[in-house]
Amino acid sequence: MDFKLAPDIQKKLQAIQKKLQLPHIDVSRIICFRSTGSRSRAQARIWAFPRIWQMALKQPPHYCLEVLSEKFDRLKKDDQARILIHELMHIPKNFSGALLPHRGRGRMVINRRSIEKLFQQYKKS
């Protein structure tokens with residue numbers, strides 16, 4: 001597997017943040033990568049930076065957002081935006097470096113309806 005920085009994805013995240021105004025997300029601390037050669041079924045994934053590593057490296061919370069080139073790049077622009085919104089929804093309100101699961105307290109927190117609601121808000125602005 002190969003990883004390269006993805007400044008184009010970084011710009012898309014900045015555009016999404018600007019339009020959706022998600023106050024808890026600091027896009028400057030999300031580093032975007034494009035990977036090739038993965039066998040994963042995923043189109044994108046977000047990686048946590050656990051607190052123990054933050055303390056060890058004396059760094060504030062960060063996230064890595066990876067798009068899997070073979071799957072993500074061939075999607076339509078709207079579907080790419082939906083996927084990036086989905087990945088941003090995994091970031092908790094305190095931007096701690098942890099990740100939120102799809103399910104929370106017995107109910108789906110990150111689902112198609114919640115993603116589509118944010119996507120429609122993104123498209124309107």
# chains A, B, ... in the order shown; residues from 1 in each chain; ligands from 1
$ residues_around --residues "Asp8 of chain A" --least-positions-apart "2" --cutoff "12 Å" --atoms "only C-alpha atoms" --output "NGL selection string"
:A and (4-6 or 10-15 or 31-34 or 67 or 73 or 80)
$ closest_atom_pairs --of "segment 4-60 of chain A" --to "segment 85-101 of chain A" --cutoff "12 Å" --atoms "only C-alpha atoms" --output "CSV"
residue,atom,partner,partner_atom,distance
A:Ile9,CA,A:Ile85,CA,11.9
A:Lys12,CA,A:Ile85,CA,10.2
A:Leu13,CA,A:Ile85,CA,8.4
A:Gln14,CA,A:Ile85,CA,11.3
A:Ala15,CA,A:Ile85,CA,11.1
A:Ile16,CA,A:Ile85,CA,7.6
A:Gln17,CA,A:Ile85,CA,9.2
A:Lys19,CA,A:Ile85,CA,11.5
A:Leu20,CA,A:Ile85,CA,9.6
A:Leu22,CA,A:Lys93,CA,9.2
A:Pro23,CA,A:Lys93,CA,8.5
A:His24,CA,A:Lys93,CA,5.4
A:Ile25,CA,A:Phe95,CA,6.6
A:Asp26,CA,A:Phe95,CA,7.9
A:Val27,CA,A:Leu88,CA,9.7
A:Arg29,CA,A:Phe95,CA,9.7
A:Ile30,CA,A:Leu88,CA,9.6
A:Cys32,CA,A:Glu87,CA,11.5
A:Ala42,CA,A:Glu87,CA,11.3
A:Gln43,CA,A:Glu87,CA,10.4
A:Ala44,CA,A:Glu87,CA,7.5
A:Arg45,CA,A:Glu87,CA,6.5
A:Ile46,CA,A:Glu87,CA,6.0
A:Trp47,CA,A:Leu99,CA,7.9
A:Ala48,CA,A:Gly97,CA,5.4
A:Phe49,CA,A:Gly97,CA,4.8
A:Pro50,CA,A:Gly97,CA,5.6
A:Arg51,CA,A:Gly97,CA,6.7
A:Ile52,CA,A:Gly97,CA,10.1
A:Trp53,CA,A:Gly97,CA,9.7
A:Gln54,CA,A:Gly97,CA,8.3
A:Met55,CA,A:Gly97,CA,11.5
A:Gln59,CA,A:Gly97,CA,10.6
A:Pro60,CA,A:Gly97,CA,8.3
$ select_by_dssp --residues "chain A" --states "helix (DSSP H, G or I)" --output "short mmCIF file (atom, residue, chain, number, x, y, z; two decimals) with C-alpha atoms, in the first residue's frame"
data_model
loop_
_atom_site.label_atom_id
_atom_site.label_comp_id
_atom_site.auth_asym_id
_atom_site.auth_seq_id
_atom_site.Cartn_x
_atom_site.Cartn_y
_atom_site.Cartn_z
CA PRO A 7 -4.14 18.52 -0.98
CA ASP A 8 -7.19 18.29 -3.29
CA ILE A 9 -9.09 16.38 -0.60
CA GLN A 10 -7.91 18.94 1.97
CA LYS A 11 -9.48 21.69 -0.17
CA LYS A 12 -12.74 19.74 -0.43
CA LEU A 13 -12.81 19.37 3.35
CA GLN A 14 -12.25 23.10 3.75
CA ALA A 15 -15.14 23.80 1.37
CA ILE A 16 -17.41 21.41 3.28
CA GLN A 17 -16.42 22.99 6.60
CA LYS A 18 -17.00 26.49 5.25
CA LYS A 19 -20.49 25.64 3.97
CA LEU A 20 -21.65 23.45 6.87
CA VAL A 27 -9.78 21.20 9.27
CA SER A 28 -6.19 22.42 9.73
CA ARG A 29 -5.66 19.43 12.05
CA ARG A 51 -4.51 10.65 23.71
CA ILE A 52 -1.50 8.60 24.78
CA TRP A 53 0.23 9.43 21.48
CA GLN A 54 -0.79 13.08 21.79
CA MET A 55 0.89 13.19 25.21
CA ALA A 56 3.96 11.22 24.08
CA LEU A 57 4.56 13.43 21.04
CA SER A 69 -7.91 6.02 -4.72
CA GLU A 70 -9.18 3.02 -6.68
CA LYS A 71 -12.67 3.41 -5.25
CA PHE A 72 -13.00 7.07 -4.22
CA LYS A 77 -18.40 14.62 -7.02
CA ASP A 78 -21.62 14.53 -4.98
CA ASP A 79 -20.89 10.99 -3.77
CA GLN A 80 -17.34 12.03 -2.85
CA ALA A 81 -18.79 14.89 -0.79
CA ARG A 82 -21.19 12.49 0.96
CA ILE A 83 -18.31 10.20 1.87
CA LEU A 84 -16.22 13.07 3.23
CA ILE A 85 -19.19 14.27 5.28
CA HIS A 86 -19.61 10.73 6.60
CA GLU A 87 -15.98 10.62 7.70
CA LEU A 88 -16.25 14.04 9.39
CA ARG A 112 -27.72 7.58 5.48
CA ARG A 113 -30.41 9.96 6.68
CA SER A 114 -28.06 12.05 8.83
CA ILE A 115 -25.43 12.13 6.07
CA GLU A 116 -28.01 13.10 3.45
CA LYS A 117 -29.36 15.87 5.69
CA LEU A 118 -25.89 17.43 5.98
CA PHE A 119 -25.23 16.85 2.28
CA GLN A 120 -28.42 18.72 1.31
CA GLN A 121 -27.42 21.55 3.64
CA TYR A 122 -24.00 21.58 1.93
CA LYS A 123 -25.55 21.71 -1.54
CA LYS A 124 -27.91 24.58 -0.61
#
$ select_by_dssp --residues "segment 8-95 of chain A" --states "strand (DSSP E or B)" --output "list in words"
Ile30, Ile31, Cys32, Phe33, Arg34, Ser35, Thr36, Ala44, Arg45, Ile46, Trp47, Tyr63, Cys64, Leu65, Glu66, Val67 and Leu68 of chain A
$ atom_distance --atom1 "atom CA of Arg41 of chain A" --atom2 "atom CA of Arg103 of chain A"
19.8 Å
